[in-house]
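The structure file query-v7.txt is reproduced below (compact mmCIF, C-alpha atoms).
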```txt
# COMPACT_ATOMS: atom_id res chain seq x y z
CA MET A 4 -11.14 91.22 79.14
CA GLN A 5 -10.04 88.38 81.41
CA ASN A 6 -9.80 90.93 84.26
CA VAL A 7 -13.28 92.24 83.48
CA LEU A 8 -14.87 88.81 83.48
CA GLU A 9 -13.12 87.75 86.69
CA SER A 10 -14.47 90.86 88.37
CA VAL A 11 -17.96 90.30 86.93
CA LEU A 12 -18.01 86.65 88.06
CA ALA A 13 -16.87 87.54 91.57
CA THR A 14 -19.64 90.13 91.88
CA ALA A 15 -22.24 87.79 90.39
CA ASN A 16 -21.35 85.07 92.91
CA GLN A 17 -21.38 87.54 95.77
CA GLN A 18 -24.85 88.74 94.76
CA GLY A 19 -26.19 85.21 94.23
CA ALA A 20 -26.97 85.96 90.59
CA ARG A 21 -28.36 83.23 88.37
CA ARG A 22 -27.46 85.01 85.16
CA VAL A 23 -25.47 88.04 84.06
CA CYS A 24 -27.59 89.99 81.57
CA VAL A 25 -25.49 93.05 80.68
CA ILE A 26 -21.89 94.14 81.23
CA ARG A 27 -21.18 97.84 80.68
CA LEU A 28 -17.78 99.32 79.89
CA ARG A 29 -16.58 102.88 79.26
CA VAL A 30 -13.79 103.09 76.70
CA GLY A 31 -11.98 106.34 75.99
CA SER A 32 -11.02 107.15 72.39
CA LEU A 33 -7.38 107.51 73.51
CA SER A 34 -7.34 104.49 75.85
CA GLY A 35 -5.41 102.49 73.26
CA VAL A 36 -8.12 99.81 73.25
CA LEU A 37 -10.31 99.05 70.26
CA PRO A 38 -13.95 98.25 71.10
CA GLU A 39 -13.85 95.60 68.34
CA ALA A 40 -10.98 93.84 70.11
CA LEU A 41 -12.91 93.86 73.40
CA GLU A 42 -15.98 92.42 71.70
CA PHE A 43 -13.89 89.70 70.07
CA ALA A 44 -12.29 88.75 73.40
CA PHE A 45 -15.69 88.81 75.11
CA GLU A 46 -17.19 86.41 72.55
CA ALA A 47 -14.23 84.08 72.98
CA LEU A 48 -14.21 84.08 76.79
CA ALA A 49 -17.86 84.39 77.90
CA LYS A 50 -19.10 81.00 76.72
CA SER A 51 -20.48 79.38 79.85
CA ALA A 52 -23.07 80.20 82.53
CA PRO A 53 -23.71 82.64 84.08
CA LEU A 54 -22.09 84.75 81.33
CA ALA A 55 -23.21 82.87 78.23
CA ASP A 56 -26.18 85.09 77.38
CA ALA A 57 -24.71 88.37 78.61
CA ASP A 58 -24.61 91.44 76.37
CA LEU A 59 -21.55 93.65 76.27
CA GLU A 60 -22.38 97.37 76.07
CA ILE A 61 -19.50 99.72 75.33
CA GLU A 62 -19.94 103.43 75.98
CA PRO A 63 -17.37 105.41 73.96
CA VAL A 64 -15.83 108.44 75.66
CA ALA A 65 -14.55 111.22 73.38
CA ALA A 66 -11.19 112.77 74.23
CA LEU A 67 -11.36 116.21 75.85
CA PHE A 68 -8.35 118.46 76.34
CA ARG A 69 -7.69 121.58 78.39
CA CYS A 70 -5.34 124.14 76.89
CA ALA A 71 -2.56 124.92 79.37
CA PRO A 72 -2.00 128.60 78.43
CA CYS A 73 -5.63 129.79 77.98
CA GLY A 74 -7.70 127.20 79.90
CA GLN A 75 -10.03 126.42 76.98
CA ASP A 76 -11.55 122.91 76.91
CA PHE A 77 -11.78 121.30 73.47
CA ALA A 78 -12.42 117.93 71.88
CA ALA A 79 -9.85 116.34 69.56
CA ASP A 80 -9.13 112.86 68.24
CA SER A 81 -5.38 113.00 68.66
CA LEU A 82 -2.88 114.01 71.31
CA LEU A 83 -1.50 116.61 68.90
CA GLY A 84 -4.59 118.81 68.73
CA GLU A 85 -4.06 122.57 68.68
CA CYS A 86 -6.21 124.81 70.88
CA PRO A 87 -8.97 126.22 68.65
CA VAL A 88 -8.86 129.54 70.53
CA CYS A 89 -5.17 130.40 70.99
CA GLY A 90 -3.45 127.80 68.75
CA ALA A 91 -1.17 126.51 71.50
CA ILE A 92 -0.19 122.82 71.46
CA SER A 93 0.42 122.56 75.19
CA GLN A 94 -2.60 120.84 76.64
CA SER A 95 -3.59 118.20 79.12
CA LEU A 96 -6.03 115.37 78.57
CA ILE A 97 -8.99 115.62 80.94
CA GLN A 98 -10.97 112.68 79.57
CA GLY A 99 -10.51 110.00 76.91
CA ARG A 100 -8.14 107.52 78.56
CA GLU A 101 -10.91 105.71 80.45
CA LEU A 102 -11.03 101.94 80.42
CA GLN A 103 -13.59 101.15 83.02
CA LEU A 104 -16.06 98.49 84.05
CA THR A 105 -18.99 100.72 85.01
CA SER A 106 -21.87 98.41 85.88
CA MET A 107 -23.58 95.09 85.30
CA GLU A 108 -27.14 93.82 85.30
CA ILE A 109 -27.91 90.48 86.90
CA GLU A 110 -30.89 88.26 87.54
CA MET B 28 -37.95 80.34 77.57
CA CYS B 29 -41.13 81.12 79.43
CA ASN B 30 -41.31 84.88 79.97
CA ASP B 31 -43.57 84.49 82.96
CA CYS B 32 -41.35 82.39 85.12
CA GLY B 33 -38.09 81.92 83.23
CA CYS B 34 -38.36 78.18 83.75
CA GLY B 35 -36.77 77.23 80.45
CA LYS B 36 -39.87 75.46 79.07
CA ASP B 37 -41.58 76.62 75.95
CA PRO B 38 -44.60 78.80 76.95
CA SER B 39 -46.85 76.65 74.76
CA GLU B 40 -46.04 73.64 76.92
CA HIS B 41 -47.69 74.99 80.09
CA LYS B 42 -50.07 77.59 81.43
CA HIS B 43 -49.94 79.77 84.51
CA LYS B 44 -52.44 80.36 87.26
CA GLN B 45 -53.59 83.97 87.00
CA GLU B 46 -53.23 86.40 89.89
CA ASN B 47 -56.94 86.21 90.67
CA GLY B 48 -56.51 82.51 91.31
CA ASP B 49 -58.47 81.32 88.29
CA ALA B 50 -56.84 78.17 87.11
CA GLN B 51 -56.41 78.23 83.33
CA GLY B 52 -54.38 75.07 83.28
CA GLU B 53 -52.23 72.91 85.44
CA ASP B 54 -49.52 74.68 87.44
CA HIS B 55 -46.27 72.87 86.86
CA HIS B 56 -44.33 74.80 89.52
CA PRO B 57 -43.32 72.97 92.65
CA HIS B 58 -41.77 76.25 93.89
CA SER B 59 -43.31 79.54 94.98
CA HIS B 60 -42.72 82.88 93.28
CA GLU B 61 -41.86 86.16 94.92
CA MET B 62 -43.02 88.09 91.88
CA PRO B 63 -46.62 87.86 90.73
CA HIS B 64 -47.18 86.50 87.27
CA SER B 65 -48.76 88.78 84.76
CA SER B 66 -49.80 88.40 81.21
CA SER B 67 -47.42 91.19 80.14
CA GLY B 68 -44.42 88.90 80.59
CA THR B 69 -42.55 90.31 83.60
CA PRO B 70 -39.51 88.12 84.32
CA ALA B 71 -39.80 86.16 87.52
CA ALA B 72 -36.26 86.93 88.72
CA PRO B 73 -35.83 90.70 89.17
CA ARG B 74 -33.07 92.34 87.19
CA ARG B 75 -30.72 94.37 89.28
CA THR B 76 -28.05 96.83 88.23
CA ILE B 77 -24.81 96.73 90.19
CA ALA B 78 -22.59 99.81 89.92
CA LEU B 79 -18.89 98.86 89.79
CA ASN B 80 -16.84 101.75 88.34
CA GLN B 81 -13.58 99.81 88.33
CA PRO B 82 -10.61 100.67 86.12
CA ILE B 83 -9.80 97.68 83.90
CA LEU B 84 -6.01 97.93 84.04
CA ASP B 85 -6.51 97.71 87.76
CA ASP B 86 -3.98 94.97 88.50
CA ASN B 87 -1.09 96.68 86.72
CA ASP B 88 -1.95 100.13 88.12
CA ARG B 89 -2.11 98.78 91.66
CA GLN B 90 1.24 97.04 91.33
CA ALA B 91 2.75 100.16 89.73
CA GLU B 92 1.69 102.26 92.71
CA ARG B 93 3.25 99.69 95.04
CA ASN B 94 6.48 99.87 93.04
CA ARG B 95 6.44 103.67 93.14
CA GLY B 96 6.00 103.71 96.90
CA PHE B 97 8.79 101.15 97.27
CA PHE B 98 11.23 103.12 95.10
CA ARG B 99 10.37 106.47 96.72
CA ALA B 100 10.76 105.10 100.22
CA ARG B 101 14.29 104.06 99.30
CA GLY B 102 15.04 107.42 97.68
CA LEU B 103 15.68 105.55 94.43
CA LEU B 104 14.95 107.31 91.13
CA ALA B 105 13.30 104.75 88.80
CA ILE B 106 13.47 105.64 85.11
CA ASN B 107 11.43 103.92 82.40
CA VAL B 108 13.51 104.04 79.21
CA LEU B 109 11.47 103.62 76.05
CA SER B 110 12.00 103.69 72.29
CA SER B 111 11.60 101.67 69.12
CA PRO B 112 14.00 98.74 68.65
CA GLY B 113 17.47 99.91 67.64
CA SER B 114 17.27 103.54 68.82
CA GLY B 115 20.26 102.99 71.09
CA LYS B 116 18.80 102.39 74.56
CA THR B 117 21.42 99.87 75.65
CA THR B 118 24.37 101.83 74.26
CA LEU B 119 23.09 105.03 75.88
CA LEU B 120 22.61 103.31 79.25
CA GLY B 121 26.06 101.68 79.13
CA GLU B 122 27.78 105.01 78.39
CA THR B 123 25.58 106.94 80.85
CA ILE B 124 26.46 104.54 83.66
CA LYS B 125 30.18 104.85 82.92
CA LEU B 126 29.86 108.62 82.96
CA LEU B 127 27.91 108.67 86.24
CA GLY B 128 30.51 106.51 87.97
CA ASP B 129 29.29 106.07 91.51
CA ASN B 130 27.49 109.40 91.56
CA PRO B 131 24.87 108.02 91.62
CA LYS B 132 25.34 104.28 91.39
CA ALA B 133 22.97 102.73 88.85
CA GLY B 134 21.24 99.38 88.45
CA VAL B 135 19.38 98.16 85.37
CA VAL B 136 16.35 96.01 84.69
CA VAL B 137 16.22 95.23 80.99
CA GLY B 138 13.31 93.71 79.08
CA ASP B 139 13.45 91.84 75.78
CA LEU B 140 11.34 89.15 74.21
CA ALA B 141 14.38 86.84 74.16
CA THR B 142 18.17 86.62 74.76
CA ASP B 143 20.26 88.19 77.49
CA ASN B 144 22.47 90.06 75.03
CA ASP B 145 21.56 93.46 76.48
CA ALA B 146 22.30 92.31 80.03
CA LEU B 147 25.69 90.99 78.92
CA ARG B 148 26.50 94.31 77.21
CA LEU B 149 25.52 96.27 80.31
CA ARG B 150 27.44 94.01 82.66
CA ALA B 151 30.52 95.17 80.80
CA ALA B 152 29.81 98.56 82.42
CA ALA B 153 30.13 96.78 85.79
CA VAL B 154 26.62 97.41 87.04
CA GLN B 155 23.98 95.17 88.55
CA VAL B 156 21.70 94.01 85.74
CA VAL B 157 18.61 91.82 85.70
CA GLN B 158 17.31 90.60 82.35
CA ILE B 159 13.57 89.99 81.95
CA ASN B 160 12.55 87.80 79.01
CA THR B 161 8.94 88.58 78.23
CA GLY B 162 8.45 85.71 75.77
CA THR B 163 5.72 86.94 73.45
CA VAL B 164 4.71 89.97 75.52
CA CYS B 165 5.56 93.25 73.78
CA HIS B 166 5.98 95.42 76.91
CA LEU B 167 7.08 95.29 80.54
CA GLU B 168 4.44 95.19 83.27
CA ALA B 169 4.69 96.43 86.85
CA GLY B 170 4.64 92.89 88.27
CA MET B 171 7.63 91.84 86.14
CA VAL B 172 9.61 94.81 87.47
CA ALA B 173 8.63 94.03 91.07
CA ARG B 174 9.93 90.47 90.69
CA ALA B 175 13.11 91.57 88.91
CA VAL B 176 14.22 94.17 91.48
CA LYS B 177 14.25 91.49 94.18
CA GLN B 178 17.40 90.20 92.48
CA LEU B 179 19.21 93.54 92.93
CA ASP B 180 21.02 94.89 95.97
CA LEU B 181 19.16 98.18 96.06
CA SER B 182 20.82 99.58 99.17
CA SER B 183 23.77 100.95 97.21
CA LEU B 184 21.78 102.31 94.25
CA GLY B 185 20.64 105.89 93.58
CA VAL B 186 19.07 105.31 90.18
CA LEU B 187 17.34 102.34 88.57
CA PHE B 188 17.05 102.28 84.79
CA ILE B 189 14.24 100.09 83.47
CA GLU B 190 15.00 99.46 79.81
CA ASN B 191 11.64 98.56 78.30
CA VAL B 192 11.01 96.29 75.32
CA GLY B 193 11.76 98.14 72.07
CA ASN B 194 8.28 99.23 70.99
CA LEU B 195 6.68 102.67 70.59
CA VAL B 196 3.10 101.50 71.12
CA CYS B 197 2.15 99.16 73.98
CA PRO B 198 4.68 100.13 76.68
CA ALA B 199 3.05 103.60 76.75
CA SER B 200 -0.05 102.08 78.41
CA PHE B 201 1.75 100.26 81.23
CA ASP B 202 2.86 102.24 84.25
CA LEU B 203 5.79 100.48 85.92
CA GLY B 204 5.93 102.71 88.99
CA GLU B 205 8.68 104.90 87.55
CA ASP B 206 9.11 108.56 88.44
CA LEU B 207 10.72 109.53 85.16
CA ARG B 208 9.79 108.47 81.66
CA VAL B 209 12.51 108.90 79.06
CA VAL B 210 11.82 108.32 75.36
CA LEU B 211 14.60 107.96 72.79
CA CYS B 212 14.30 108.86 69.14
CA SER B 213 17.36 108.36 66.93
CA VAL B 214 18.16 110.59 63.96
CA THR B 215 18.13 107.46 61.78
CA GLU B 216 14.38 107.06 62.39
CA GLY B 217 13.49 110.34 60.71
CA GLU B 218 11.75 113.42 62.08
CA ASP B 219 8.15 112.28 62.33
CA LYS B 220 8.19 109.46 64.94
CA PRO B 221 6.68 111.76 67.62
CA LEU B 222 3.77 112.57 65.32
CA LYS B 223 3.20 108.92 64.39
CA TYR B 224 3.31 107.64 67.99
CA PRO B 225 1.97 110.53 70.08
CA PRO B 226 0.88 108.58 73.22
CA MET B 227 4.45 107.43 73.81
CA PHE B 228 5.89 110.94 73.52
CA HIS B 229 3.02 112.73 75.24
CA MET B 230 3.86 111.20 78.62
CA ALA B 231 7.63 111.65 78.36
CA ASP B 232 9.48 113.70 80.98
CA ALA B 233 12.54 113.74 78.73
CA VAL B 234 13.05 113.02 75.04
CA ILE B 235 16.55 112.15 73.86
CA VAL B 236 17.58 112.49 70.23
CA THR B 237 20.28 109.82 69.86
CA LYS B 238 22.97 109.03 67.27
CA THR B 239 23.53 112.70 66.44
CA ASP B 240 26.93 111.72 64.99
CA LEU B 241 24.94 110.23 62.10
CA ALA B 242 22.72 113.29 61.60
CA ALA B 243 24.47 114.55 58.48
CA ALA B 244 24.56 111.11 56.85
CA CYS B 245 20.80 110.70 57.48
CA GLU B 246 20.03 114.26 56.37
CA TRP B 247 18.32 114.75 59.74
CA ASN B 248 16.26 117.95 59.65
CA ARG B 249 17.01 119.18 63.16
CA SER B 250 14.56 122.08 63.39
CA LEU B 251 11.67 119.93 62.07
CA GLY B 252 12.62 117.01 64.36
CA LEU B 253 12.74 119.21 67.46
CA ALA B 254 9.49 120.99 66.53
CA ASN B 255 7.74 117.60 66.21
CA ILE B 256 9.05 116.50 69.60
CA ARG B 257 7.83 119.74 71.19
CA LYS B 258 4.46 119.30 69.57
CA ALA B 259 3.97 115.75 70.92
CA ALA B 260 5.74 116.30 74.25
CA PRO B 261 5.32 119.98 75.17
CA LYS B 262 6.48 119.48 78.76
CA ALA B 263 9.51 117.27 78.13
CA SER B 264 13.16 118.26 78.49
CA ILE B 265 14.94 117.60 75.19
CA PHE B 266 18.49 116.26 74.86
CA GLU B 267 20.55 115.72 71.71
CA LEU B 268 23.52 113.42 72.05
CA SER B 269 25.71 110.71 70.66
CA ALA B 270 26.57 107.98 73.15
CA ARG B 271 29.27 106.78 70.77
CA THR B 272 31.21 110.08 70.51
CA GLY B 273 30.15 111.43 73.93
CA ASP B 274 28.81 114.63 72.36
CA GLY B 275 25.96 116.06 74.49
CA MET B 276 26.36 113.39 77.20
CA ALA B 277 27.53 115.78 79.94
CA ARG B 278 24.26 117.73 79.95
CA TRP B 279 22.26 114.47 80.19
CA ARG B 280 24.49 113.25 83.05
CA ASP B 281 24.00 116.54 84.94
CA TYR B 282 20.23 116.34 84.48
CA LEU B 283 20.22 112.80 85.90
CA ARG B 284 22.37 113.81 88.86
CA GLY B 285 20.02 116.70 89.62
CA ARG B 286 16.93 114.50 89.52
CA THR B 287 18.58 111.80 91.63
CA GLU B 288 19.51 114.36 94.32
CA GLU B 289 15.86 115.45 94.52
CA PHE B 290 14.88 111.84 95.17
CA LYS B 291 17.59 110.98 97.63
CA ASP B 292 16.22 113.56 100.03
CA CYS B 293 12.76 111.97 99.99
CA GLY B 294 13.92 108.46 100.98
CA LEU B 295 13.10 106.86 104.29
CA PHE B 296 16.18 104.61 104.43
```

For this file, produce the structure as structure tokens.
Amino acid sequence: MQNVLESVLATANQQGARRVCVIRLRVGSLSGVLPEALEFAFEALAKSAPLADADLEIEPVAALFRCAPCGQDFAADSLLGECPVCGAISQSLIQGRELQLTSMEIE
Amino acid sequence: MCNDCGCGKDPSEHKHKQENGDAQGEDHHPHSHEMPHSSSGTPAAPRRTIALNQPILDDNDRQAERNRGFFRARGLLAINVLSSPGSGKTTLLGETIKLLGDNPKAGVVVGDLATDNDALRLRAAAVQVVQINTGTVCHLEAGMVARAVKQLDLSSLGVLFIENVGNLVCPASFDLGEDLRVVLCSVTEGEDKPLKYPPMFHMADAVIVTKTDLAAACEWNRSLGLANIRKAAPKASIFELSARTGDGMARWRDYLRGRTEEFKDCGLF
């Protein structure tokens, strides 16, 4: 979260912003990061201007796999998901590891 | 806050001139506005959206790529060695290095929260070792590795083992710039570690079942253990060995020599 806020502050200064209104993150379900932990860190760190009134919006990204043998894409919550079509367990993760600062709104 | 101008005063404390110029009250603003006031409450300062699209683990990922380029340019195979505490990483590395001899010559970076016990053990195998004490940090990061390798004479090395902090969770998320990820799982830990900690195993290039000399005493269910490893790490090469008895070590040594040869040819130095 420290990294996120440093990046947000640098951009806010660059843009001459008076206030940061919204910070948007994308967090994959298999990123290893809990949205609750990010929110807690945000509350603890963003106490002074221009961040004090900012809202943190977290967009969850569901994990999506591609089956290596048959090419089927499927959603699953764990890395051990079996392909619903052919039953194979050899698959690659095509989304769900994201941990990204997507955008911010400033005034 | 006043919605019309965002001046911080309570709206009841002042009134605004309307756009048609009719004065409804005194205008308290010494400054001019770019945006017209309206009764619908448009904020005076325009809101703008700035697209960023930056990965958050940016700093570590950037340093990891630098490390990878550095290792590859030297034709040095960097191996991230991971497991839970007590799976036998240090013992395996000590015996592996003895078995490799100078073909290839190995160096070690070893991470622990505290003590240099592992470094002392590995120095007994007469290799260059750098100990990183992470304090309270539960994993190694790319920057720690970059600083540590400066203490090694890399010119003579063909392989660099990076023994991570014993932990099956956090180190999985931190790329160190390695080209090979090796995860250990000892028979004493039971058969289901790969299913309990899938991210760690999913990214492994090789999984090593260690302490096989204790398999019978632990009632290790080999077929179930191997099936679980294959399920969590479908692409990994699997080794079963005992560093203490030497059983299975030759195949592991040959694998390492093969991978090191592939790297040596890519080096620029």

Chain B proximity check over A:Gln98, A:Gln5, A:Thr14, A:Ser93, using all atoms listed in the file: winner is A:Ser93

List the neighbours of stretch 167-182 of chain B out to 6 Å using all atoms listed in the file; skip same-chain residues closer than 2 positions along the sequence, and give me the result as a PyMOL selection string.
chain B and resi 87+90-91+184+203

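In this structure, atom CA of B:Thr215 sits 8.1 Å away from atom CA of B:Ser114.
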
Residue list for chain B near chain A as a PyMOL selection string, 7 Å, all atoms listed in the file
chain B and resi 72-83+225-226+258-259+261

Near-B:Gly115 list (9 Å; only C-alpha atoms; drop same-chain fewer than 4 positions) as a ChimeraX atom specification:
/B:110-111,119-120,211-213,237-238,270

Skipping near chain neighbours, those fewer than 5 positions away, what residues fall within 6 Å of stretch 122-138 of chain B using only C-alpha atoms, listed as an MDAnalysis selection string?
chainID B and resid 154:160 184:192

Can you spit out the residues from that selection as an mmCIF file, in the frame of the given file, using C-alpha atoms?
```cif
data_model
loop_
_atom_site.group_PDB
_atom_site.id
_atom_site.type_symbol
_atom_site.label_atom_id
_atom_site.label_comp_id
_atom_site.auth_asym_id
_atom_site.auth_seq_id
_atom_site.Cartn_x
_atom_site.Cartn_y
_atom_site.Cartn_z
ATOM 1 C CA VAL B 154 26.620 97.410 87.040
ATOM 2 C CA GLN B 155 23.980 95.170 88.550
ATOM 3 C CA VAL B 156 21.700 94.010 85.740
ATOM 4 C CA VAL B 157 18.610 91.820 85.700
ATOM 5 C CA GLN B 158 17.310 90.600 82.350
ATOM 6 C CA ILE B 159 13.570 89.990 81.950
ATOM 7 C CA ASN B 160 12.550 87.800 79.010
ATOM 8 C CA LEU B 184 21.780 102.310 94.250
ATOM 9 C CA GLY B 185 20.640 105.890 93.580
ATOM 10 C CA VAL B 186 19.070 105.310 90.180
ATOM 11 C CA LEU B 187 17.340 102.340 88.570
ATOM 12 C CA PHE B 188 17.050 102.280 84.790
ATOM 13 C CA ILE B 189 14.240 100.090 83.470
ATOM 14 C CA GLU B 190 15.000 99.460 79.810
ATOM 15 C CA ASN B 191 11.640 98.560 78.300
ATOM 16 C CA VAL B 192 11.010 96.290 75.320
#
```

As AutoDock Vina command-line options: centre and edge lengths in Å, one decimal, of the axis-aligned box holding stretch 63-79 of chain A with 6 Å per side:
```
--center_x -9.7 --center_y 117.6 --center_z 74.7 --size_x 27.4 --size_y 36.4 --size_z 22.3
```

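The spacing separating atom CA of B:Asp88 from atom CA of B:Ala141 amounts to 25.3 Å.
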
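Around B:Leu253, within 9 Å and counting only C-alpha atoms, the residues found are B:Glu218, B:Val236, B:Asn248, B:Lys258, B:Ile265, once anything fewer than 5 positions away on its own chain is removed.
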
What's the separation between atom CA of B:Gly285 and atom CA of B:Ile256, in Å to one decimal place?
22.8 Å

Restricting to only C-alpha atoms, whichever of B:Asp86, B:Asp145, B:Glu288, B:Glu92 is closest to B:Gly113 is B:Asp145

Export: stretch 52-72 of chain A, N, CA, C and O atoms, as a PDB file, in the first residue's frame:
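Here's the written file result.pdb:
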```
ATOM      1  N   ALA A  52      -3.722  15.384   3.867  1.00  0.00           N
ATOM      2  CA  ALA A  52      -4.001  15.900   2.529  1.00  0.00           C
ATOM      3  C   ALA A  52      -2.833  15.558   1.597  1.00  0.00           C
ATOM      4  O   ALA A  52      -1.703  15.491   2.066  1.00  0.00           O
ATOM      5  N   PRO A  53      -3.055  15.328   0.336  1.00  0.00           N
ATOM      6  CA  PRO A  53      -4.345  15.396  -0.362  1.00  0.00           C
ATOM      7  C   PRO A  53      -5.100  14.060  -0.376  1.00  0.00           C
ATOM      8  O   PRO A  53      -6.057  13.896  -1.110  1.00  0.00           O
ATOM      9  N   LEU A  54      -4.684  13.110   0.495  1.00  0.00           N
ATOM     10  CA  LEU A  54      -5.280  11.772   0.436  1.00  0.00           C
ATOM     11  C   LEU A  54      -6.390  11.569   1.466  1.00  0.00           C
ATOM     12  O   LEU A  54      -7.134  10.602   1.393  1.00  0.00           O
ATOM     13  N   ALA A  55      -6.494  12.496   2.422  1.00  0.00           N
ATOM     14  CA  ALA A  55      -7.330  12.233   3.594  1.00  0.00           C
ATOM     15  C   ALA A  55      -8.766  11.839   3.274  1.00  0.00           C
ATOM     16  O   ALA A  55      -9.330  10.986   3.942  1.00  0.00           O
ATOM     17  N   ASP A  56      -9.360  12.447   2.239  1.00  0.00           N
ATOM     18  CA  ASP A  56     -10.764  12.141   1.939  1.00  0.00           C
ATOM     19  C   ASP A  56     -10.920  11.153   0.789  1.00  0.00           C
ATOM     20  O   ASP A  56     -12.019  10.972   0.276  1.00  0.00           O
ATOM     21  N   ALA A  57      -9.831  10.550   0.366  1.00  0.00           N
ATOM     22  CA  ALA A  57      -9.909   9.677  -0.823  1.00  0.00           C
ATOM     23  C   ALA A  57     -10.653   8.383  -0.499  1.00  0.00           C
ATOM     24  O   ALA A  57     -10.596   7.868   0.611  1.00  0.00           O
ATOM     25  N   ASP A  58     -11.367   7.882  -1.515  1.00  0.00           N
ATOM     26  CA  ASP A  58     -12.013   6.568  -1.389  1.00  0.00           C
ATOM     27  C   ASP A  58     -11.133   5.541  -2.088  1.00  0.00           C
ATOM     28  O   ASP A  58     -10.547   5.825  -3.129  1.00  0.00           O
ATOM     29  N   LEU A  59     -11.100   4.346  -1.515  1.00  0.00           N
ATOM     30  CA  LEU A  59     -10.369   3.253  -2.142  1.00  0.00           C
ATOM     31  C   LEU A  59     -11.400   2.319  -2.779  1.00  0.00           C
ATOM     32  O   LEU A  59     -12.292   1.824  -2.091  1.00  0.00           O
ATOM     33  N   GLU A  60     -11.300   2.126  -4.094  1.00  0.00           N
ATOM     34  CA  GLU A  60     -12.231   1.201  -4.772  1.00  0.00           C
ATOM     35  C   GLU A  60     -11.429   0.014  -5.262  1.00  0.00           C
ATOM     36  O   GLU A  60     -10.470   0.169  -6.018  1.00  0.00           O
ATOM     37  N   ILE A  61     -11.853  -1.178  -4.832  1.00  0.00           N
ATOM     38  CA  ILE A  61     -11.123  -2.398  -5.228  1.00  0.00           C
ATOM     39  C   ILE A  61     -11.992  -3.223  -6.165  1.00  0.00           C
ATOM     40  O   ILE A  61     -13.105  -3.609  -5.821  1.00  0.00           O
ATOM     41  N   GLU A  62     -11.476  -3.453  -7.370  1.00  0.00           N
ATOM     42  CA  GLU A  62     -12.205  -4.273  -8.335  1.00  0.00           C
ATOM     43  C   GLU A  62     -11.655  -5.700  -8.261  1.00  0.00           C
ATOM     44  O   GLU A  62     -10.491  -5.935  -8.573  1.00  0.00           O
ATOM     45  N   PRO A  63     -12.462  -6.663  -7.810  1.00  0.00           N
ATOM     46  CA  PRO A  63     -11.949  -8.037  -7.730  1.00  0.00           C
ATOM     47  C   PRO A  63     -11.868  -8.669  -9.121  1.00  0.00           C
ATOM     48  O   PRO A  63     -12.705  -8.386  -9.980  1.00  0.00           O
ATOM     49  N   VAL A  64     -10.850  -9.464  -9.342  1.00  0.00           N
ATOM     50  CA  VAL A  64     -10.702 -10.160 -10.627  1.00  0.00           C
ATOM     51  C   VAL A  64     -10.726 -11.668 -10.353  1.00  0.00           C
ATOM     52  O   VAL A  64      -9.891 -12.175  -9.603  1.00  0.00           O
ATOM     53  N   ALA A  65     -11.699 -12.355 -10.931  1.00  0.00           N
ATOM     54  CA  ALA A  65     -11.826 -13.801 -10.694  1.00  0.00           C
ATOM     55  C   ALA A  65     -10.748 -14.548 -11.469  1.00  0.00           C
ATOM     56  O   ALA A  65     -10.352 -14.125 -12.561  1.00  0.00           O
ATOM     57  N   ALA A  66     -10.274 -15.638 -10.900  1.00  0.00           N
ATOM     58  CA  ALA A  66      -9.229 -16.423 -11.570  1.00  0.00           C
ATOM     59  C   ALA A  66      -9.798 -17.166 -12.771  1.00  0.00           C
ATOM     60  O   ALA A  66     -10.883 -17.735 -12.714  1.00  0.00           O
ATOM     61  N   LEU A  67      -9.060 -17.144 -13.862  1.00  0.00           N
ATOM     62  CA  LEU A  67      -9.470 -17.831 -15.092  1.00  0.00           C
ATOM     63  C   LEU A  67      -8.297 -18.681 -15.572  1.00  0.00           C
ATOM     64  O   LEU A  67      -7.158 -18.208 -15.622  1.00  0.00           O
ATOM     65  N   PHE A  68      -8.591 -19.942 -15.870  1.00  0.00           N
ATOM     66  CA  PHE A  68      -7.542 -20.870 -16.288  1.00  0.00           C
ATOM     67  C   PHE A  68      -7.760 -21.298 -17.735  1.00  0.00           C
ATOM     68  O   PHE A  68      -8.886 -21.269 -18.238  1.00  0.00           O
ATOM     69  N   ARG A  69      -6.693 -21.735 -18.372  1.00  0.00           N
ATOM     70  CA  ARG A  69      -6.810 -22.365 -19.691  1.00  0.00           C
ATOM     71  C   ARG A  69      -6.223 -23.767 -19.581  1.00  0.00           C
ATOM     72  O   ARG A  69      -5.078 -23.947 -19.169  1.00  0.00           O
ATOM     73  N   CYS A  70      -7.036 -24.740 -19.960  1.00  0.00           N
ATOM     74  CA  CYS A  70      -6.604 -26.138 -19.894  1.00  0.00           C
ATOM     75  C   CYS A  70      -5.526 -26.381 -20.957  1.00  0.00           C
ATOM     76  O   CYS A  70      -5.719 -26.054 -22.131  1.00  0.00           O
ATOM     77  N   ALA A  71      -4.392 -26.951 -20.529  1.00  0.00           N
ATOM     78  CA  ALA A  71      -3.293 -27.152 -21.477  1.00  0.00           C
ATOM     79  C   ALA A  71      -3.639 -28.194 -22.556  1.00  0.00           C
ATOM     80  O   ALA A  71      -3.423 -27.943 -23.745  1.00  0.00           O
ATOM     81  N   PRO A  72      -4.207 -29.357 -22.204  1.00  0.00           N
ATOM     82  CA  PRO A  72      -4.486 -30.340 -23.250  1.00  0.00           C
ATOM     83  C   PRO A  72      -5.618 -29.929 -24.202  1.00  0.00           C
ATOM     84  O   PRO A  72      -5.486 -30.082 -25.416  1.00  0.00           O
TER      85      PRO A  72
END
```
